[in-house]
Each structure stands twice: as C-alpha cells, then as structure tokens.
file work-v5.pdb (PDB, C-alpha atoms)
ATOM      1  CA  MET A   1      31.596   1.316  87.129
ATOM      2  CA  ASP A   2      33.083   0.914  90.588
ATOM      3  CA  ILE A   3      34.988   3.876  92.061
ATOM      4  CA  ARG A   4      38.088   1.688  92.342
ATOM      5  CA  ASP A   5      38.018   1.035  88.582
ATOM      6  CA  GLU A   6      37.514   4.739  87.860
ATOM      7  CA  LEU A   7      40.346   5.584  90.225
ATOM      8  CA  MET A   8      42.750   3.335  88.324
ATOM      9  CA  GLU A   9      41.947   5.165  85.072
ATOM     10  CA  HIS A  10      43.511   8.302  86.577
ATOM     11  CA  VAL A  11      46.825   6.689  87.562
ATOM     12  CA  PRO A  12      48.653   7.726  84.338
ATOM     13  CA  ARG A  13      47.673  11.377  84.891
ATOM     14  CA  LEU A  14      48.687  11.222  88.533
ATOM     15  CA  ARG A  15      52.018   9.665  87.583
ATOM     16  CA  ARG A  16      52.704  12.239  84.868
ATOM     17  CA  TYR A  17      51.933  15.122  87.217
ATOM     18  CA  ALA A  18      53.958  13.641  90.081
ATOM     19  CA  ARG A  19      57.001  13.109  87.842
ATOM     20  CA  ALA A  20      56.836  16.655  86.555
ATOM     21  CA  LEU A  21      56.351  17.982  90.066
ATOM     22  CA  LEU A  22      59.174  16.043  91.703
ATOM     23  CA  ASN A  23      61.635  15.454  88.848
ATOM     24  CA  ASN A  24      62.454  12.078  90.370
ATOM     25  CA  ARG A  25      60.862   8.895  89.059
ATOM     26  CA  GLU A  26      61.117   6.896  92.281
ATOM     27  CA  LEU A  27      59.782   9.674  94.496
ATOM     28  CA  ALA A  28      57.005  10.372  91.993
ATOM     29  CA  ASP A  29      55.964   6.723  91.946
ATOM     30  CA  ASP A  30      55.963   6.736  95.748
ATOM     31  CA  LEU A  31      53.766   9.845  95.722
ATOM     32  CA  VAL A  32      51.319   8.192  93.321
ATOM     33  CA  GLN A  33      51.267   5.039  95.435
ATOM     34  CA  ASP A  34      50.642   7.044  98.620
ATOM     35  CA  THR A  35      47.881   8.975  96.852
ATOM     36  CA  ILE A  36      46.154   5.816  95.600
ATOM     37  CA  GLU A  37      46.511   4.171  98.997
ATOM     38  CA  ARG A  38      44.935   7.155 100.721
ATOM     39  CA  ALA A  39      42.154   7.388  98.136
ATOM     40  CA  LEU A  40      41.330   3.687  98.417
ATOM     41  CA  SER A  41      41.189   3.889 102.193
ATOM     42  CA  ARG A  42      38.800   6.845 101.952
ATOM     43  CA  THR A  43      36.476   5.876  99.078
ATOM     44  CA  GLY A  44      33.547   6.377 101.420
ATOM     45  CA  MET A  45      34.423  10.065 101.641
ATOM     46  CA  PHE A  46      34.112  10.566  97.874
ATOM     47  CA  GLU A  47      30.796  12.147  96.923
ATOM     48  CA  ALA A  48      29.242  10.419  93.916
ATOM     49  CA  GLY A  49      28.644  12.786  91.038
ATOM     50  CA  THR A  50      31.616  15.029  91.853
ATOM     51  CA  ASP A  51      34.895  15.201  89.931
ATOM     52  CA  LEU A  52      37.022  12.169  90.845
ATOM     53  CA  ARG A  53      40.085  13.655  89.132
ATOM     54  CA  ALA A  54      39.914  16.819  91.250
ATOM     55  CA  TRP A  55      39.444  14.690  94.382
ATOM     56  CA  LEU A  56      42.530  12.621  93.524
ATOM     57  CA  PHE A  57      44.641  15.699  92.799
ATOM     58  CA  THR A  58      43.499  17.172  96.116
ATOM     59  CA  ILE A  59      44.705  14.045  97.866
ATOM     60  CA  MET A  60      47.996  14.136  95.941
ATOM     61  CA  HIS A  61      48.487  17.799  96.822
ATOM     62  CA  ASN A  62      47.958  17.089 100.516
ATOM     63  CA  VAL A  63      50.302  14.088 100.474
ATOM     64  CA  PHE A  64      52.919  16.131  98.597
ATOM     65  CA  VAL A  65      52.726  19.026 101.066
ATOM     66  CA  ASN A  66      53.077  16.617 103.981
ATOM     67  CA  GLN A  67      56.105  14.979 102.345
ATOM     68  CA  VAL A  68      57.765  18.346 101.675
ATOM     69  CA  ARG A  69      57.301  19.322 105.302
ATOM     70  CA  LYS A  70      58.833  16.049 106.480
ATOM     71  CA  ALA A  71      61.697  16.251 103.968
ATOM     72  CA  SER A  72      62.666  19.722 105.093
ATOM     73  CA  ALA A  73      63.542  18.219 108.458
ATOM     74  CA  ARG A  74      66.060  15.839 106.932
ATOM     75  CA  ALA A  75      68.522  16.058 104.035
ATOM     76  CA  GLU A  76      69.548  13.296 101.676
ATOM     77  CA  HIS A  77      73.175  12.812 100.674
ATOM     78  CA  VAL A  78      73.930  11.272  97.291
ATOM     79  CA  HIS A  79      77.439   9.951  96.743
ATOM     80  CA  PHE A  80      78.937   9.921  93.260
ATOM     81  CA  ASP A  81      82.207   8.108  92.646
ATOM     82  CA  ASP A  82      84.106   8.991  89.449
ATOM     83  CA  ASP A  83      86.188   5.836  89.695
ATOM     84  CA  VAL A  84      83.129   3.576  89.529
ATOM     85  CA  THR A  85      81.424   5.352  86.626
ATOM     86  CA  ARG A  86      82.352   3.783  83.303
ATOM     87  CA  ASP A  87      83.256   5.859  80.246
ATOM     88  CA  GLY A  88      80.226   6.687  78.154
ATOM     89  CA  ALA A  89      77.792   6.172  81.020
ATOM     90  CA  PHE A  90      76.306   9.587  80.331
ATOM     91  CA  ALA A  91      76.544   9.512  76.534
ATOM     92  CA  VAL A  92      73.720  11.197  74.617
ATOM     93  CA  SER A  93      72.476  10.251  71.150
ATOM     94  CA  GLY A  94      73.172  12.558  68.194
ATOM     95  CA  ASN A  95      69.644  14.019  67.958
ATOM     96  CA  GLN A  96      69.706  16.130  71.095
ATOM     97  CA  ILE A  97      67.786  19.313  70.319
ATOM     98  CA  HIS A  98      64.373  18.092  71.491
ATOM     99  CA  SER A  99      65.738  16.412  74.586
ATOM    100  CA  LEU A 100      67.755  19.531  75.427
ATOM    101  CA  GLU A 101      64.659  21.710  75.106
ATOM    102  CA  VAL A 102      62.717  19.358  77.361
ATOM    103  CA  ARG A 103      65.614  19.300  79.811
ATOM    104  CA  ASP A 104      65.767  23.104  79.831
ATOM    105  CA  LEU A 105      62.021  23.316  80.433
ATOM    106  CA  ASP A 106      62.261  20.773  83.240
ATOM    107  CA  PHE A 107      65.244  22.649  84.700
ATOM    108  CA  ALA A 108      63.263  25.897  84.570
ATOM    109  CA  LEU A 109      60.177  24.272  86.107
ATOM    110  CA  GLN A 110      62.251  23.005  89.014
ATOM    111  CA  ARG A 111      63.449  26.588  89.653
ATOM    112  CA  LEU A 112      59.878  27.789  90.234
ATOM    113  CA  PRO A 113      58.609  27.974  93.796
ATOM    114  CA  ALA A 114      56.593  24.829  94.592
ATOM    115  CA  GLU A 115      53.306  26.772  94.757
ATOM    116  CA  GLN A 116      53.796  28.241  91.276
ATOM    117  CA  ARG A 117      55.122  24.974  89.781
ATOM    118  CA  GLU A 118      52.124  23.073  91.098
ATOM    119  CA  VAL A 119      49.622  25.490  89.510
ATOM    120  CA  VAL A 120      51.550  25.727  86.218
ATOM    121  CA  LEU A 121      51.621  21.930  85.924
ATOM    122  CA  LEU A 122      47.963  21.429  86.834
ATOM    123  CA  VAL A 123      46.778  24.031  84.325
ATOM    124  CA  GLY A 124      49.357  23.433  81.581
ATOM    125  CA  LEU A 125      50.036  19.715  81.791
ATOM    126  CA  GLU A 126      46.819  18.348  83.266
ATOM    127  CA  GLU A 127      44.607  20.913  81.497
ATOM    128  CA  MET A 128      42.588  21.553  84.637
ATOM    129  CA  SER A 129      40.442  24.684  84.822
ATOM    130  CA  TYR A 130      41.272  27.410  87.317
ATOM    131  CA  ALA A 131      38.241  26.367  89.378
ATOM    132  CA  GLU A 132      39.374  22.713  89.393
ATOM    133  CA  VAL A 133      42.867  23.709  90.489
ATOM    134  CA  ALA A 134      41.440  25.957  93.211
ATOM    135  CA  ILE A 135      39.376  23.050  94.539
ATOM    136  CA  ALA A 136      42.212  20.539  94.223
ATOM    137  CA  ILE A 137      44.745  22.552  96.216
ATOM    138  CA  ASP A 138      42.254  24.448  98.365
ATOM    139  CA  ILE A 139      43.056  28.024  97.406
ATOM    140  CA  PRO A 140      40.909  30.816  95.913
ATOM    141  CA  VAL A 141      40.602  31.069  92.120
ATOM    142  CA  GLY A 142      42.280  34.487  92.242
ATOM    143  CA  THR A 143      45.306  32.938  93.927
ATOM    144  CA  VAL A 144      45.429  30.283  91.194
ATOM    145  CA  MET A 145      45.415  33.003  88.553
ATOM    146  CA  SER A 146      48.091  35.011  90.370
ATOM    147  CA  ARG A 147      50.402  32.024  90.908
ATOM    148  CA  LEU A 148      49.900  30.931  87.299
ATOM    149  CA  SER A 149      50.711  34.398  85.978
ATOM    150  CA  ARG A 150      53.835  34.741  88.129
ATOM    151  CA  GLY A 151      54.891  31.177  87.349
ATOM    152  CA  ARG A 152      54.513  31.624  83.593
ATOM    153  CA  GLU A 153      56.403  34.919  83.680
ATOM    154  CA  ARG A 154      59.260  33.415  85.665
ATOM    155  CA  LEU A 155      59.325  30.395  83.346
ATOM    156  CA  ARG A 156      59.599  32.700  80.328
ATOM    157  CA  ALA A 157      62.467  34.563  81.976
ATOM    158  CA  LEU A 158      64.245  31.340  82.904
ATOM    159  CA  MET A 159      63.876  29.901  79.408
ATOM    160  CA  ALA A 160      65.117  33.154  77.868
ATOM    161  CA  GLY A 161      68.041  33.292  80.297
ATOM    162  CA  THR A 162      67.011  36.698  81.600
ATOM    163  CA  GLN A 163      66.193  35.589  85.157
ATOM    164  CA  SER A 164      69.050  36.840  87.326
ATOM    165  CA  GLY A 165      71.109  34.131  88.969
ATOM    166  CA  ALA A 166      69.142  31.313  87.358
ATOM    167  CA  LYS A 167      70.692  30.700  83.944
ATOM    168  CA  LEU A 168      70.029  27.395  82.284
ATOM    169  CA  LYS A 169      72.807  24.870  81.829
ATOM    170  CA  VAL A 170      75.044  25.422  78.844
ATOM    171  CA  VAL A 171      75.983  22.298  76.892
ATOM    172  CA  ARG A 172      79.285  22.437  75.055
TER     173      ARG A 172
END
call {"tool": "encode", "arguments": {"input": "work-v5.pdb", "output": "structure tokens"}}
result
Amino acid sequence: MDIRDELMEHVPRLRRYARALLNNRELADDLVQDTIERALSRTGMFEAGTDLRAWLFTIMHNVFVNQVRKASARAEHVHFDDDVTRDGAFAVSGNQIHSLEVRDLDFALQRLPAEQREVVLLVGLEEMSYAEVAIAIDIPVGTVMSRLSRGRERLRALMAGTQSGAKLKVVR
C-alpha cells in the first residue's frame, strides 16, 4: 500500500482530534488540511516501518503550535446581531441530557491549558500510549504523565464544579 493511501486512512482520527482540540469545525478542518498538505509534501521524510499515525500527529502538533503562536498576535472579532437572529434559532430537542453532558465535557476540556488538553485528548480520545504521545509532541514520557495527571485532575474538578472561578454553564 502506498504511503498516500495509508495517510488517508488516518484522516478521520486527525479530524476527530483536531475538532476536540480546537472546538471549531472550520478551524479543525483547516488544521487537518494543513497537516495532510505538509505530510504529503514530506513523504520522503517518513521512515518506512515506523508509526505513520505518530508521525501525522507530530506534524499536526507542530502545525497547531505554529497556528497558536500566529493567532496570539491577532484577535478575531465575531459580531452577533439579535435583530437578525430568528426566534427558535437556538432551540434544542427535548432529549438534552446526553448533549448537555458532552457540552459540559467539551466546555471543561476547553478550560484546560493547551498542553494538558493535547495530552488528555491524545491518550483518552486517540488511545495513544504515553510513549507515542511523547514522540508525537516531542516531550519526555514523564512530562506526558505529569500533564495527563494534572489535566485529568483539573477536568474532574471542572466537571464537579469545584474548580474555583471555572464553573460550568447552568442551563435553566
């Protein structure tokens, strides 16, 4: 199988991780596209017999870090006009418990520092080993374990509402 075909098999995982990391579908899709573009332009750098998934997540991590650095230099303004929004535009179906739990988890994940969120998502969502995560984001395994531990603890506190100054949204 050609490396390009193998690469395409990992797109759903890359997309899922990017969406969880960024909490924005368009930005996540852009991140995946930038990652695939970079990987395709550097297929000669991939060592046959090594873990393609880890290589792709390494590329995504590097692209993400570069984008965060660039974004910190500029801010985006989003305008919301109450007069244009129609009634019921934000209506939610009657079975909300699951979606509220997912929303609360996503809200809590977004409150984690980027370094902790990245490790929590790679281990928890992508089921990568500590060693794979360490290789993918170029940090020692001990740092992975530390960030994961702190991230999980903060997530627990956020979900329980015990994290000071970071209570989850209350739906009434």
call {"tool": "closest_residue", "arguments": {"input": "work-v5.pdb", "among": "A:Ala134, A:Val120, A:Leu109, A:Ala48", "to": "Asn23 of chain A", "atoms": "all atoms listed in the file"}}
result
A:Leu109
call {"tool": "closest_residue", "arguments": {"input": "work-v5.pdb", "among": "A:Thr162, A:Gln116, A:Gln110, A:Ser41", "to": "Ser149 of chain A", "atoms": "only C-alpha atoms"}}
result
A:Gln116
call {"tool": "atom_distance", "arguments": {"input": "work-v5.pdb", "atom1": "atom CA of Leu122 of chain A", "atom2": "atom CA of Phe57 of chain A"}}
result
8.9 Å
call {"tool": "atom_distance", "arguments": {"input": "work-v5.pdb", "atom1": "atom CA of Val133 of chain A", "atom2": "atom CA of Ala160 of chain A"}}
result
27.3 Å
call {"tool": "axis_aligned_box", "arguments": {"input": "work-v5.pdb", "around": "segment 118-136 of chain A", "padding_each_side": "6 Å", "output": "JSON"}}
result
{"center_x": 45.2, "center_y": 22.9, "center_z": 88.0, "size_x": 25.9, "size_y": 21.1, "size_z": 25.0}
call {"tool": "closest_residue", "arguments": {"input": "work-v5.pdb", "among": "A:Arg111, A:Asp106, A:Leu21, A:Asp5", "to": "Val68 of chain A", "atoms": "only C-alpha atoms"}}
result
A:Leu21
call {"tool": "resolve_selection", "arguments": {"input": "work-v5.pdb", "expression": "the PyMOL selection byres ((chain A and resi 117) around 12)", "output": "MDAnalysis selection string"}}
result
chainID A and resid 17:18 20:23 105:116 118:125 144 147:155
call {"tool": "residues_around", "arguments": {"input": "work-v5.pdb", "residues": "Glu132 of chain A", "least_positions_apart": "3", "cutoff": "9 Å", "atoms": "all atoms listed in the file", "output": "list in words"}}
result
Asp51, Ala54, Met128, Ser129, Ile135, Ala136, Ile137 and Val141 of chain A
call {"tool": "closest_residue", "arguments": {"input": "work-v5.pdb", "among": "A:Leu52, A:Met60, A:Val102, A:Val11", "to": "Arg38 of chain A", "atoms": "only C-alpha atoms"}}
result
A:Met60
call {"tool": "resolve_selection", "arguments": {"input": "work-v5.pdb", "expression": "the PyMOL selection byres ((chain A and resi 31) around 8)", "output": "PyMOL selection string"}}
result
chain A and resi 18+27-30+32-35+60+63-64
call {"tool": "closest_residue", "arguments": {"input": "work-v5.pdb", "among": "A:Asp104, A:Glu37, A:Glu126, A:Asp2", "to": "Leu14 of chain A", "atoms": "all atoms listed in the file"}}
result
A:Glu126
call {"tool": "atom_distance", "arguments": {"input": "work-v5.pdb", "atom1": "atom CA of Trp55 of chain A", "atom2": "atom CA of Pro140 of chain A"}}
result
16.3 Å
call {"tool": "closest_residue", "arguments": {"input": "work-v5.pdb", "among": "A:Leu56, A:Ile3, A:Met159, A:Val65", "to": "Thr43 of chain A", "atoms": "only C-alpha atoms"}}
result
A:Ile3
call {"tool": "build_atoms", "arguments": {"input": "work-v5.pdb", "residues": "segment 29-42 of chain A", "atoms": "N, CA and C atoms", "output": "short mmCIF file (atom, residue, chain, number, x, y, z; two decimals), keeping the file's coordinate frame"}}
result
data_model
loop_
_atom_site.label_atom_id
_atom_site.label_comp_id
_atom_site.auth_asym_id
_atom_site.auth_seq_id
_atom_site.Cartn_x
_atom_site.Cartn_y
_atom_site.Cartn_z
N ASP A 29 56.73 7.97 91.83
CA ASP A 29 55.96 6.72 91.95
C ASP A 29 55.51 6.49 93.38
N ASP A 30 56.35 6.85 94.34
CA ASP A 30 55.96 6.74 95.75
C ASP A 30 54.80 7.67 96.06
N LEU A 31 54.85 8.88 95.51
CA LEU A 31 53.77 9.85 95.72
C LEU A 31 52.46 9.32 95.14
N VAL A 32 52.52 8.76 93.94
CA VAL A 32 51.32 8.19 93.32
C VAL A 32 50.79 7.03 94.17
N GLN A 33 51.68 6.18 94.61
CA GLN A 33 51.27 5.04 95.44
C GLN A 33 50.62 5.52 96.74
N ASP A 34 51.22 6.51 97.39
CA ASP A 34 50.64 7.04 98.62
C ASP A 34 49.27 7.68 98.36
N THR A 35 49.15 8.35 97.21
CA THR A 35 47.88 8.98 96.85
C THR A 35 46.80 7.92 96.63
N ILE A 36 47.13 6.88 95.88
CA ILE A 36 46.15 5.82 95.60
C ILE A 36 45.78 5.10 96.89
N GLU A 37 46.77 4.84 97.72
CA GLU A 37 46.51 4.17 99.00
C GLU A 37 45.55 4.99 99.84
N ARG A 38 45.80 6.29 99.93
CA ARG A 38 44.94 7.16 100.72
C ARG A 38 43.54 7.23 100.11
N ALA A 39 43.46 7.32 98.80
CA ALA A 39 42.15 7.39 98.14
C ALA A 39 41.36 6.11 98.35
N LEU A 40 42.02 4.96 98.22
CA LEU A 40 41.33 3.69 98.42
C LEU A 40 40.84 3.52 99.85
N SER A 41 41.60 4.02 100.80
CA SER A 41 41.19 3.89 102.19
C SER A 41 40.08 4.87 102.56
N ARG A 42 39.81 5.83 101.66
CA ARG A 42 38.80 6.84 101.95
C ARG A 42 37.73 6.93 100.87
#
